[in-house]
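Novice: My file is final_4.pdb. It has PDB, C-alpha atoms:
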```
ATOM      1  CA  MET E  88     -34.736 -12.226 -39.841
ATOM      2  CA  VAL E  89     -32.936 -14.147 -37.041
ATOM      3  CA  ASN E  90     -31.378 -17.469 -37.805
ATOM      4  CA  ASP E  91     -29.967 -19.591 -34.981
ATOM      5  CA  GLY E  92     -27.825 -21.704 -37.206
ATOM      6  CA  GLY E  93     -24.566 -20.153 -35.955
ATOM      7  CA  GLN E  94     -25.070 -20.802 -32.254
ATOM      8  CA  LEU E  95     -22.457 -23.519 -31.990
ATOM      9  CA  TYR E  96     -19.927 -21.384 -33.791
ATOM     10  CA  THR E  97     -20.593 -18.552 -31.366
ATOM     11  CA  ILE E  98     -20.280 -20.713 -28.296
ATOM     12  CA  GLU E  99     -17.068 -22.225 -29.614
ATOM     13  CA  GLY E 100     -15.710 -18.782 -30.327
ATOM     14  CA  VAL E 101     -16.537 -17.467 -26.862
ATOM     15  CA  ALA E 102     -15.024 -20.513 -25.182
ATOM     16  CA  ALA E 103     -11.868 -20.295 -27.273
ATOM     17  CA  GLY E 104     -11.574 -16.609 -26.495
ATOM     18  CA  LEU E 105     -11.915 -17.207 -22.771
ATOM     19  CA  ILE E 106      -9.300 -19.951 -22.823
ATOM     20  CA  MET E 107      -6.871 -17.704 -24.637
ATOM     21  CA  LEU E 108      -7.494 -14.873 -22.171
ATOM     22  CA  LEU E 109      -6.989 -17.195 -19.223
ATOM     23  CA  THR E 110      -3.738 -18.513 -20.667
ATOM     24  CA  ALA E 111      -2.392 -15.060 -21.320
ATOM     25  CA  TYR E 112      -3.335 -13.970 -17.797
ATOM     26  CA  MET E 113      -1.628 -16.959 -16.207
ATOM     27  CA  VAL E 114       1.500 -16.425 -18.258
ATOM     28  CA  VAL E 115       1.752 -12.777 -17.332
ATOM     29  CA  GLY E 116       0.901 -13.469 -13.696
ATOM     30  CA  ALA E 117       3.570 -16.124 -13.385
ATOM     31  CA  THR E 118       6.363 -13.817 -14.437
ATOM     32  CA  THR E 119       6.203 -11.764 -11.247
ATOM     33  CA  ILE E 120       6.228 -13.083  -7.722
ATOM     34  CA  CYS E 121       5.306 -10.442  -5.164
ATOM     35  CA  THR E 122       5.406 -11.564  -1.550
ATOM     36  CA  PRO E 123       3.886  -9.363   1.111
ATOM     37  CA  GLY E 124       6.613  -8.486   3.551
ATOM     38  CA  ASP E 125       6.383 -10.848   6.479
ATOM     39  CA  ALA E 126       9.349  -9.532   8.421
ATOM     40  CA  HIS E 127       6.773  -7.913  10.642
ATOM     41  CA  ILE E 128       5.570 -11.241  11.984
ATOM     42  CA  SER E 129       8.864 -12.086  13.655
ATOM     43  CA  ASP E 130       9.254  -8.461  14.709
ATOM     44  CA  MET E 131       5.884  -8.515  16.389
ATOM     45  CA  GLN E 132       6.629 -11.780  18.169
ATOM     46  CA  LEU E 133       9.959 -10.477  19.411
ATOM     47  CA  GLU E 134       8.352  -7.259  20.581
ATOM     48  CA  VAL E 135       5.672  -9.098  22.541
ATOM     49  CA  LEU E 136       8.289 -11.356  24.115
ATOM     50  CA  GLY E 137      10.494  -8.423  25.105
ATOM     51  CA  SER E 138       7.582  -6.430  26.433
ATOM     52  CA  ASP E 139       6.423  -9.324  28.595
ATOM     53  CA  ALA E 140       9.937  -9.982  29.894
ATOM     54  CA  LEU E 141      10.419  -6.317  30.749
ATOM     55  CA  THR E 142       7.072  -6.267  32.550
ATOM     56  CA  MET E 143       8.166  -9.278  34.557
ATOM     57  CA  VAL E 144      11.370  -7.524  35.579
ATOM     58  CA  ASP E 145       9.215  -4.589  36.681
ATOM     59  CA  THR E 146       6.924  -6.689  38.884
ATOM     60  CA  PRO E 147       7.651  -7.180  42.577
ATOM     61  CA  PRO E 148       7.956 -10.913  43.258
ATOM     62  CA  ASN E 149       5.670 -10.822  46.273
ATOM     63  CA  SER E 150       3.352  -8.422  48.037
ATOM     64  CA  SER E 151       5.793  -7.635  50.824
ATOM     65  CA  MET E 152       8.136  -5.826  48.453
ATOM     66  CA  ALA E 153       7.160  -2.244  47.769
ATOM     67  CA  GLU E 154       9.504  -1.762  44.848
ATOM     68  CA  SER E 155       9.988  -3.857  41.756
ATOM     69  CA  PRO E 156      13.396  -5.269  40.782
ATOM     70  CA  LEU E 157      13.584  -2.812  37.897
ATOM     71  CA  GLN E 158      13.060   0.150  40.201
ATOM     72  CA  LEU E 159      15.789  -1.122  42.523
ATOM     73  CA  ILE E 160      18.132  -1.722  39.601
ATOM     74  CA  ILE E 161      17.746   1.835  38.324
ATOM     75  CA  GLU E 162      17.995   3.392  41.784
ATOM     76  CA  ASP E 163      21.198   1.453  42.431
ATOM     77  CA  ASP E 164      23.958   3.839  41.491
ATOM     78  CA  SER E 165      26.680   1.230  41.731
ATOM     79  CA  GLY E 166      25.277  -0.718  38.832
ATOM     80  CA  GLY E 167      22.346  -3.089  38.960
ATOM     81  CA  GLY E 168      23.179  -3.935  35.377
ATOM     82  CA  GLY E 169      24.352  -7.448  36.126
ATOM     83  CA  ARG E 170      21.125  -8.205  37.914
ATOM     84  CA  PHE E 171      19.094  -6.864  35.041
ATOM     85  CA  LYS E 172      21.026  -8.933  32.544
ATOM     86  CA  ASN E 173      20.551 -12.118  34.525
ATOM     87  CA  MET E 174      16.844 -11.591  35.040
ATOM     88  CA  PHE E 175      16.107 -10.440  31.511
ATOM     89  CA  MET E 176      18.091 -13.131  29.739
ATOM     90  CA  ASN E 177      16.555 -15.708  32.011
ATOM     91  CA  TYR E 178      13.096 -14.636  30.913
ATOM     92  CA  THR E 179      13.764 -14.328  27.192
ATOM     93  CA  ASN E 180      15.861 -17.427  26.797
ATOM     94  CA  VAL E 181      13.756 -19.843  28.724
ATOM     95  CA  SER E 182      12.817 -22.666  26.445
ATOM     96  CA  GLY E 183      12.455 -25.731  28.595
ATOM     97  CA  PHE E 184      14.802 -28.485  27.573
ATOM     98  CA  GLY E 185      15.350 -27.335  24.029
ATOM     99  CA  PRO E 186      18.178 -25.293  22.605
ATOM    100  CA  LYS E 187      18.648 -21.764  23.906
ATOM    101  CA  HIS E 188      17.295 -18.913  21.881
ATOM    102  CA  ASP E 189      19.743 -16.452  20.455
ATOM    103  CA  ILE E 190      17.976 -13.313  21.648
ATOM    104  CA  GLN E 191      20.327 -10.450  22.483
ATOM    105  CA  PHE E 192      19.459  -7.193  24.181
ATOM    106  CA  SER E 193      20.818  -3.753  24.944
ATOM    107  CA  ALA E 194      19.118  -1.788  27.702
ATOM    108  CA  ASN E 195      19.347   1.803  28.787
ATOM    109  CA  TYR E 196      17.104   4.315  30.481
ATOM    110  CA  THR E 197      16.453   7.896  29.445
ATOM    111  CA  TYR E 198      15.730  10.750  31.790
ATOM    112  CA  GLU E 199      15.470  14.491  31.669
ATOM    113  CA  ALA E 200      18.203  16.585  33.229
ATOM    114  CA  ASP E 201      18.747  20.323  32.962
ATOM    115  CA  GLY E 202      16.342  20.645  30.092
ATOM    116  CA  SER E 203      17.888  17.960  27.895
ATOM    117  CA  ILE E 204      17.263  14.262  27.487
ATOM    118  CA  MET E 205      20.093  12.022  28.690
ATOM    119  CA  SER E 206      20.422   8.307  28.645
ATOM    120  CA  ALA E 207      22.324   5.949  30.906
ATOM    121  CA  GLN E 208      23.216   2.387  30.018
ATOM    122  CA  ILE E 209      21.895  -0.469  32.104
ATOM    123  CA  ASN E 210      23.545  -3.415  30.411
ATOM    124  CA  SER E 211      23.791  -5.302  27.145
ATOM    125  CA  SER E 212      24.391  -8.912  26.216
ATOM    126  CA  ARG E 213      26.926  -7.834  23.629
ATOM    127  CA  ASN E 214      27.969  -4.669  21.868
ATOM    128  CA  LEU E 215      25.865  -3.424  18.992
ATOM    129  CA  THR E 216      27.603  -3.632  15.654
ATOM    130  CA  GLY E 217      24.943  -1.655  13.818
ATOM    131  CA  GLY E 218      23.844  -4.473  11.570
ATOM    132  CA  GLU E 219      21.213  -5.889  13.863
ATOM    133  CA  HIS E 220      17.565  -5.894  12.945
ATOM    134  CA  ALA E 221      16.263  -4.885  16.360
ATOM    135  CA  VAL E 222      12.929  -4.034  17.923
ATOM    136  CA  ARG E 223      12.553  -1.680  20.838
ATOM    137  CA  VAL E 224      10.422  -2.229  23.908
ATOM    138  CA  THR E 225       9.975   0.425  26.553
ATOM    139  CA  LYS E 226       8.700   0.670  30.099
ATOM    140  CA  TRP E 227       7.984   3.683  32.257
ATOM    141  CA  VAL E 228       9.419   3.408  35.761
ATOM    142  CA  LEU E 229       8.966   5.732  38.742
ATOM    143  CA  VAL E 230      12.155   5.960  40.799
ATOM    144  CA  ASN E 231      13.587   7.996  43.622
ATOM    145  CA  LYS E 232      16.864   9.092  42.167
ATOM    146  CA  ARG E 233      19.201  12.011  41.722
ATOM    147  CA  LEU E 234      18.980  12.928  38.061
ATOM    148  CA  PRO E 235      21.512  14.388  37.215
ATOM    149  CA  PRO E 236      23.742  12.844  39.868
ATOM    150  CA  ALA E 237      24.336  16.259  41.416
ATOM    151  CA  GLY E 238      20.650  17.067  41.612
ATOM    152  CA  PRO E 239      18.123  16.649  44.408
ATOM    153  CA  LEU E 240      16.803  13.262  45.428
ATOM    154  CA  GLU E 241      13.199  13.169  44.346
ATOM    155  CA  LYS E 242      10.609  11.045  42.618
ATOM    156  CA  ARG E 243      11.218  10.939  38.888
ATOM    157  CA  ALA E 244       9.900   9.114  35.846
ATOM    158  CA  VAL E 245      12.393   7.416  33.535
ATOM    159  CA  LEU E 246      11.846   5.444  30.369
ATOM    160  CA  VAL E 247      13.628   2.104  30.202
ATOM    161  CA  GLU E 248      14.374   1.182  26.586
ATOM    162  CA  VAL E 249      15.525  -2.267  25.584
ATOM    163  CA  LEU E 250      16.629  -3.152  22.075
ATOM    164  CA  LEU E 251      16.102  -6.797  21.204
ATOM    165  CA  TRP E 252      17.415  -8.733  18.271
ATOM    166  CA  ARG E 253      18.132 -12.267  17.180
ATOM    167  CA  ASP E 254      21.604 -13.238  16.170
TER     168      ASP E 254
ATOM    169  CA  MET V 189     -10.623 -10.552 -55.996
ATOM    170  CA  ALA V 190     -13.625 -12.133 -54.352
ATOM    171  CA  ARG V 191     -15.832  -9.708 -52.596
ATOM    172  CA  LEU V 192     -14.936  -9.414 -48.909
ATOM    173  CA  ASN V 193     -17.742  -8.958 -46.489
ATOM    174  CA  ASP V 194     -16.691  -6.384 -43.954
ATOM    175  CA  ASP V 195     -20.001  -5.943 -42.213
ATOM    176  CA  ALA V 196     -18.989  -7.337 -38.800
ATOM    177  CA  GLN V 197     -15.959  -5.124 -38.197
ATOM    178  CA  TRP V 198     -17.520  -3.188 -35.341
ATOM    179  CA  ILE V 199     -18.529  -6.332 -33.536
ATOM    180  CA  ILE V 200     -15.046  -7.776 -33.740
ATOM    181  CA  LEU V 201     -13.466  -4.527 -32.627
ATOM    182  CA  MET V 202     -15.762  -4.291 -29.611
ATOM    183  CA  GLY V 203     -14.957  -7.908 -28.817
ATOM    184  CA  PHE V 204     -11.249  -7.159 -28.760
ATOM    185  CA  LEU V 205     -11.782  -4.116 -26.535
ATOM    186  CA  VAL V 206     -13.883  -6.048 -24.034
ATOM    187  CA  SER V 207     -11.404  -8.891 -23.821
ATOM    188  CA  PHE V 208      -8.428  -6.586 -23.297
ATOM    189  CA  SER V 209     -10.220  -4.666 -20.577
ATOM    190  CA  LEU V 210     -11.220  -7.903 -18.833
ATOM    191  CA  PHE V 211      -7.629  -9.032 -18.970
ATOM    192  CA  PHE V 212      -6.377  -5.764 -17.516
ATOM    193  CA  LEU V 213      -8.931  -5.837 -14.700
ATOM    194  CA  ALA V 214      -7.968  -9.393 -13.842
ATOM    195  CA  ILE V 215      -4.307  -8.407 -13.490
ATOM    196  CA  VAL V 216      -5.186  -5.407 -11.323
ATOM    197  CA  ILE V 217      -7.290  -7.533  -8.984
ATOM    198  CA  ASN V 218      -4.546 -10.148  -8.851
ATOM    199  CA  GLN V 219      -1.903  -7.628  -7.788
ATOM    200  CA  SER V 220      -4.185  -6.003  -5.242
ATOM    201  CA  THR V 221      -3.668  -8.824  -2.771
ATOM    202  CA  VAL V 222      -0.034  -7.896  -2.194
ATOM    203  CA  VAL V 223      -0.712  -4.225  -1.604
ATOM    204  CA  GLY V 224      -1.460  -2.668   1.736
ATOM    205  CA  GLN V 225      -0.537  -3.407   5.293
ATOM    206  CA  THR V 226       0.029  -6.907   6.530
ATOM    207  CA  ILE V 227      -1.710  -8.000   9.678
ATOM    208  CA  ALA V 228       1.482  -8.190  11.701
ATOM    209  CA  GLU V 229       2.359  -4.675  10.626
ATOM    210  CA  SER V 230      -0.945  -3.351  11.943
ATOM    211  CA  VAL V 231      -0.421  -5.209  15.203
ATOM    212  CA  VAL V 232       2.999  -3.677  15.663
ATOM    213  CA  GLU V 233       1.710  -0.228  14.800
ATOM    214  CA  PHE V 234      -1.086  -0.237  17.352
ATOM    215  CA  PRO V 235       0.383   1.069  20.608
ATOM    216  CA  LYS V 236      -1.318  -1.371  22.967
ATOM    217  CA  ASN V 237       1.634  -1.862  25.302
ATOM    218  CA  ASP V 238       2.492   1.829  25.244
ATOM    219  CA  ILE V 239      -0.994   2.854  26.284
ATOM    220  CA  ARG V 240      -1.278   0.237  29.001
ATOM    221  CA  ASP V 241       2.126   1.165  30.315
ATOM    222  CA  ILE V 242       1.529   4.909  30.459
ATOM    223  CA  SER V 243      -1.916   4.412  31.929
ATOM    224  CA  HIS V 244      -0.484   2.194  34.667
ATOM    225  CA  VAL V 245       2.368   4.490  35.564
ATOM    226  CA  ILE V 246       0.120   7.535  35.785
ATOM    227  CA  LYS V 247      -2.293   5.717  38.064
ATOM    228  CA  GLU V 248       0.626   4.518  40.168
ATOM    229  CA  HIS V 249       1.767   8.101  40.498
ATOM    230  CA  ALA V 250      -1.764   9.308  41.233
ATOM    231  CA  VAL V 251      -2.348   7.013  44.198
ATOM    232  CA  SER V 252       0.953   8.003  45.738
ATOM    233  CA  ASN V 253      -0.305  11.592  45.877
ATOM    234  CA  GLY V 254       1.224  12.820  42.685
ATOM    235  CA  VAL V 255       0.403  16.274  41.378
ATOM    236  CA  ILE V 256       0.805  17.800  37.961
ATOM    237  CA  THR V 257       3.285  20.397  39.155
ATOM    238  CA  ASP V 258       5.976  17.896  40.075
ATOM    239  CA  LYS V 259       8.947  16.678  38.104
ATOM    240  CA  VAL V 260       7.279  13.403  37.160
ATOM    241  CA  HIS V 261       4.706  15.273  35.104
ATOM    242  CA  ARG V 262       7.416  17.093  33.192
ATOM    243  CA  ASP V 263       9.432  13.904  32.772
ATOM    244  CA  ILE V 264       6.553  11.954  31.355
ATOM    245  CA  LEU V 265       5.404  14.654  28.953
ATOM    246  CA  ASN V 266       8.850  15.432  27.601
ATOM    247  CA  LEU V 267      10.236  11.901  27.442
ATOM    248  CA  SER V 268       7.085  10.748  25.756
ATOM    249  CA  ILE V 269       7.404  13.283  22.957
ATOM    250  CA  GLN V 270      11.147  12.889  22.549
ATOM    251  CA  ARG V 271      11.526   9.131  22.848
ATOM    252  CA  LYS V 272       8.113   7.679  22.038
ATOM    253  CA  GLY V 273       6.774  10.171  19.533
ATOM    254  CA  ALA V 274       3.506  10.443  21.448
ATOM    255  CA  VAL V 275       1.851  13.514  22.909
ATOM    256  CA  ILE V 276       0.562  12.787  26.373
ATOM    257  CA  ASN V 277      -1.174  14.980  28.878
ATOM    258  CA  TYR V 278      -2.716  14.090  32.168
ATOM    259  CA  THR V 279      -4.321  15.754  35.153
ATOM    260  CA  LEU V 280      -4.567  14.358  38.638
ATOM    261  CA  THR V 281      -7.061  15.334  41.299
ATOM    262  CA  HIS V 282      -7.634  14.004  44.768
ATOM    263  CA  ASP V 283     -10.723  14.322  46.928
ATOM    264  CA  THR V 284     -12.104  11.246  48.665
ATOM    265  CA  ASN V 285     -10.826   9.262  45.690
ATOM    266  CA  TYR V 286      -7.967   9.681  43.279
ATOM    267  CA  HIS V 287      -8.850  10.794  39.764
ATOM    268  CA  SER V 288      -6.750  10.808  36.655
ATOM    269  CA  LEU V 289      -7.547  12.071  33.189
ATOM    270  CA  ILE V 290      -5.149  10.974  30.466
ATOM    271  CA  THR V 291      -4.960  11.798  26.773
ATOM    272  CA  TYR V 292      -2.578  10.086  24.391
ATOM    273  CA  ASN V 293      -1.893  10.757  20.727
ATOM    274  CA  ASN V 294       0.919   9.214  18.730
ATOM    275  CA  GLY V 295      -0.142  10.632  15.391
ATOM    276  CA  VAL V 296      -2.039   7.529  14.327
ATOM    277  CA  THR V 297      -3.898   6.448  17.438
ATOM    278  CA  THR V 298      -5.551   8.616  20.054
ATOM    279  CA  TYR V 299      -6.635   7.455  23.459
ATOM    280  CA  SER V 300      -8.246   9.184  26.373
ATOM    281  CA  GLU V 301      -9.147   7.827  29.747
ATOM    282  CA  ASN V 302     -10.885   9.063  32.846
ATOM    283  CA  TRP V 303     -10.180   6.990  35.950
ATOM    284  CA  THR V 304     -11.367   7.139  39.533
ATOM    285  CA  SER V 305     -10.056   4.976  42.331
ATOM    286  CA  ASP V 306     -12.344   3.268  44.823
TER     287      ASP V 306
END
```
Show how you would write the structure in this file as structure tokens.
Specialist:
Amino acid sequence: MVNDGGQLYTIEGVAAGLIMLLTAYMVVGATTICTPGDAHISDMQLEVLGSDALTMVDTPPNSSMAESPLQLIIEDDSGGGGRFKNMFMNYTNVSGFGPKHDIQFSANYTYEADGSIMSAQINSSRNLTGGEHAVRVTKWVLVNKRLPPAGPLEKRAVLVEVLLWRD
Amino acid sequence: MARLNDDAQWIILMGFLVSFSLFFLAIVINQSTVVGQTIAESVVEFPKNDIRDISHVIKEHAVSNGVITDKVHRDILNLSIQRKGAVINYTLTHDTNYHSLITYNNGVTTYSENWTSD
């Protein structure tokens, strides 16, 4: 025989149980704070900035120029590094009238010579100390160059690699 | 001793079990939000700039009468594996138009493209 006299007791018991569960859950949940790593946000922004700046250096400024500044810089054996540094830092540190950014870079290009991969430095804003949290942006460039310097002058593909970091 | 009524023991035991399992599930679901890849991480991992860059440079080489037996082909294939960690292959043909067929695979993302100039 069913008697509904205990309904209020039951409801009170269920409610009390739920409150206790909720309290215990909140207590246990508050003891640990796990943050999803958001270092990737600033990395991604820096990578996009560097990639855009490098693309700008690799774009001829007008239609009458057949080669881009980056191609000329790499083909220049006597060092187009200063030119690269000026252009690149101009693009990454432009911020209107505000304070300058503190973006540093180190650029080199890699090529294949005699079956092995070599790399030649273009320029850097300062020397790497090894403690920088850097992102890398790359750009393929077609150049007419002797690689290695004793080799024939022909059309080659090199990979320009720029490391970017914030101080 | 007064007689104890122990008829409801099963009910109480089941109640405890259900509440503990609910509690455990709630903690698991709570911690699940901090697991996995963040959005920025996925953006960085997707090789959008790499693919656009290699696609552009191969087309640039194609329209200046590049062939797949020249040094540029070897440069691109080898440098790509060694420095970018991506396997690339491409073929170039030239009749009335220039054609290029590119495949790209960096282990996570694959891309293939068939292009014809005007």
Novice: Could you state which residues are captured by the PyMOL selection byres ((chain V and resi 240) around 12) in this file, as a list in words?
Specialist: Ser138, Thr142, Thr225, Lys226 and Trp227 of chain E; Phe234, Pro235, Lys236, Asn237, Asp238, Ile239, Asp241, Ile242, Ser243, His244, Val245, Ile246, Lys247, Ile290, Tyr292, Tyr299, Ser300 and Glu301 of chain V
Novice: Determine the nearest neighbour of E:Ile161 from the options E:Tyr96, E:Tyr112, E:Tyr196, E:Trp252, counting all atoms listed in the file.
Specialist: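 Using all atoms listed in the file, E:Ile161 sits closest to E:Tyr196.
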Novice: Write out as a PyMOL selection string which residues come within 12 Å of V:Ser252 when counting only C-alpha atoms, dropping same-chain ones fewer than 2 positions away.
Specialist: (chain E and resi 229+242) or (chain V and resi 245-250+254-255+260+280-282+285-287+305)
Novice: Please produce a file of the residues just selected, as a PDB file, keeping the file's coordinate frame, where the atoms kept are C-alpha atoms.
Specialist:
```pdb
ATOM      1  CA  LEU E 229       8.966   5.732  38.742  1.00  0.00           C
ATOM      2  CA  LYS E 242      10.609  11.045  42.618  1.00  0.00           C
TER       3      LYS E 242
ATOM      4  CA  VAL V 245       2.368   4.490  35.564  1.00  0.00           C
ATOM      5  CA  ILE V 246       0.120   7.535  35.785  1.00  0.00           C
ATOM      6  CA  LYS V 247      -2.293   5.717  38.064  1.00  0.00           C
ATOM      7  CA  GLU V 248       0.626   4.518  40.168  1.00  0.00           C
ATOM      8  CA  HIS V 249       1.767   8.101  40.498  1.00  0.00           C
ATOM      9  CA  ALA V 250      -1.764   9.308  41.233  1.00  0.00           C
ATOM     10  CA  GLY V 254       1.224  12.820  42.685  1.00  0.00           C
ATOM     11  CA  VAL V 255       0.403  16.274  41.378  1.00  0.00           C
ATOM     12  CA  VAL V 260       7.279  13.403  37.160  1.00  0.00           C
ATOM     13  CA  LEU V 280      -4.567  14.358  38.638  1.00  0.00           C
ATOM     14  CA  THR V 281      -7.061  15.334  41.299  1.00  0.00           C
ATOM     15  CA  HIS V 282      -7.634  14.004  44.768  1.00  0.00           C
ATOM     16  CA  ASN V 285     -10.826   9.262  45.690  1.00  0.00           C
ATOM     17  CA  TYR V 286      -7.967   9.681  43.279  1.00  0.00           C
ATOM     18  CA  HIS V 287      -8.850  10.794  39.764  1.00  0.00           C
ATOM     19  CA  SER V 305     -10.056   4.976  42.331  1.00  0.00           C
TER      20      SER V 305
END
```
Novice: Using the chain letters and numbers from this file, what does the PyMOL selection byres ((chain E) within 10 of (chain V)) select? Give the answer as an MDAnalysis selection string.
Specialist: chainID E and resid 101 104:105 107:109 111:113 115:116 119:132 134:135 138:139 142 197:200 202:205 224:230 241:246 248
Novice: Grab the residues selected above and save them as an mmCIF file, keeping the file's coordinate frame with C-alpha atoms.
Specialist:
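Below is the file that was written, selection-v7.cif:
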```
data_model
loop_
_atom_site.group_PDB
_atom_site.id
_atom_site.type_symbol
_atom_site.label_atom_id
_atom_site.label_comp_id
_atom_site.auth_asym_id
_atom_site.auth_seq_id
_atom_site.Cartn_x
_atom_site.Cartn_y
_atom_site.Cartn_z
ATOM 1 C CA VAL E 101 -16.537 -17.467 -26.862
ATOM 2 C CA GLY E 104 -11.574 -16.609 -26.495
ATOM 3 C CA LEU E 105 -11.915 -17.207 -22.771
ATOM 4 C CA MET E 107 -6.871 -17.704 -24.637
ATOM 5 C CA LEU E 108 -7.494 -14.873 -22.171
ATOM 6 C CA LEU E 109 -6.989 -17.195 -19.223
ATOM 7 C CA ALA E 111 -2.392 -15.060 -21.320
ATOM 8 C CA TYR E 112 -3.335 -13.970 -17.797
ATOM 9 C CA MET E 113 -1.628 -16.959 -16.207
ATOM 10 C CA VAL E 115 1.752 -12.777 -17.332
ATOM 11 C CA GLY E 116 0.901 -13.469 -13.696
ATOM 12 C CA THR E 119 6.203 -11.764 -11.247
ATOM 13 C CA ILE E 120 6.228 -13.083 -7.722
ATOM 14 C CA CYS E 121 5.306 -10.442 -5.164
ATOM 15 C CA THR E 122 5.406 -11.564 -1.550
ATOM 16 C CA PRO E 123 3.886 -9.363 1.111
ATOM 17 C CA GLY E 124 6.613 -8.486 3.551
ATOM 18 C CA ASP E 125 6.383 -10.848 6.479
ATOM 19 C CA ALA E 126 9.349 -9.532 8.421
ATOM 20 C CA HIS E 127 6.773 -7.913 10.642
ATOM 21 C CA ILE E 128 5.570 -11.241 11.984
ATOM 22 C CA SER E 129 8.864 -12.086 13.655
ATOM 23 C CA ASP E 130 9.254 -8.461 14.709
ATOM 24 C CA MET E 131 5.884 -8.515 16.389
ATOM 25 C CA GLN E 132 6.629 -11.780 18.169
ATOM 26 C CA GLU E 134 8.352 -7.259 20.581
ATOM 27 C CA VAL E 135 5.672 -9.098 22.541
ATOM 28 C CA SER E 138 7.582 -6.430 26.433
ATOM 29 C CA ASP E 139 6.423 -9.324 28.595
ATOM 30 C CA THR E 142 7.072 -6.267 32.550
ATOM 31 C CA THR E 197 16.453 7.896 29.445
ATOM 32 C CA TYR E 198 15.730 10.750 31.790
ATOM 33 C CA GLU E 199 15.470 14.491 31.669
ATOM 34 C CA ALA E 200 18.203 16.585 33.229
ATOM 35 C CA GLY E 202 16.342 20.645 30.092
ATOM 36 C CA SER E 203 17.888 17.960 27.895
ATOM 37 C CA ILE E 204 17.263 14.262 27.487
ATOM 38 C CA MET E 205 20.093 12.022 28.690
ATOM 39 C CA VAL E 224 10.422 -2.229 23.908
ATOM 40 C CA THR E 225 9.975 0.425 26.553
ATOM 41 C CA LYS E 226 8.700 0.670 30.099
ATOM 42 C CA TRP E 227 7.984 3.683 32.257
ATOM 43 C CA VAL E 228 9.419 3.408 35.761
ATOM 44 C CA LEU E 229 8.966 5.732 38.742
ATOM 45 C CA VAL E 230 12.155 5.960 40.799
ATOM 46 C CA GLU E 241 13.199 13.169 44.346
ATOM 47 C CA LYS E 242 10.609 11.045 42.618
ATOM 48 C CA ARG E 243 11.218 10.939 38.888
ATOM 49 C CA ALA E 244 9.900 9.114 35.846
ATOM 50 C CA VAL E 245 12.393 7.416 33.535
ATOM 51 C CA LEU E 246 11.846 5.444 30.369
ATOM 52 C CA GLU E 248 14.374 1.182 26.586
#
```
Novice: Rounded to one decimal, what separation in Å do you get between atom CA of E:Ser155 and atom CA of V:Leu289?
Specialist: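 Atom-to-atom, atom CA of E:Ser155 and atom CA of V:Leu289 are spaced 25.2 Å apart.
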Novice: Could you state the separation of atom CA of V:Gly273 and atom CA of V:Thr297 in Å, given to one decimal place?
Specialist: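 If I compute the distance from atom CA of V:Gly273 to atom CA of V:Thr297, I get 11.5 Å.
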Novice: Would you compute the distance between atom CA of E:Gln158 and atom CA of E:Leu133? Give it in Å to one decimal.
Specialist: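 Distance reported for this atom pair: 23.6 Å.
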Novice: Enclose all atoms of stretch 203-211 of chain E listed in the file in an axis-aligned box, grow every side by 4 Å, and hand back centre and edge lengths in Å to one decimal, as JSON.
Specialist:
```
{"center_x": 20.5, "center_y": 6.3, "center_z": 29.6, "size_x": 14.5, "size_y": 31.3, "size_z": 13.0}
```
Novice: Apply the PyMOL selection byres ((chain E and resi 214) around 12) to the file shown and report the selected residues as a list in words.
Specialist: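 Output from the PyMOL selection byres ((chain E and resi 214) around 12), applied to this file: Gln191, Phe192, Ser193, Ala194, Gln208, Asn210, Ser211, Ser212, Arg213, Leu215, Thr216, Gly217, Gly218, Glu219, Leu250 and Trp252 of chain E.
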Novice: What's around E:Phe171 at 7 Å? Count only C-alpha atoms, leave out sequence neighbours fewer than 4 positions away in its own chain, and write the answer as a list in words.
Specialist: Ile160, Gly167 and Phe175 of chain E
Novice: Could you please take those selected residues and save C-alpha atoms as a PDB file, in the coordinates of the input?
Specialist:
```
ATOM      1  CA  ILE E 160      18.132  -1.722  39.601  1.00  0.00           C
ATOM      2  CA  GLY E 167      22.346  -3.089  38.960  1.00  0.00           C
ATOM      3  CA  PHE E 175      16.107 -10.440  31.511  1.00  0.00           C
TER       4      PHE E 175
END
```
Novice: Restricting the calculation to all atoms listed in the file: of V:Asn293, V:Ile269, V:Val275, V:Ser288, which residue gets closest to V:Asn253?
Specialist: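 Among the listed residues, V:Ser288 lies closest to V:Asn253.
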Novice: Using all atoms listed in the file, which of the listed residues (E:Val247, E:Asp189, E:His220, E:Arg253) sits closest to E:Asp145?
Specialist: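 That would be E:Val247, the residue with the smallest distance to E:Asp145.
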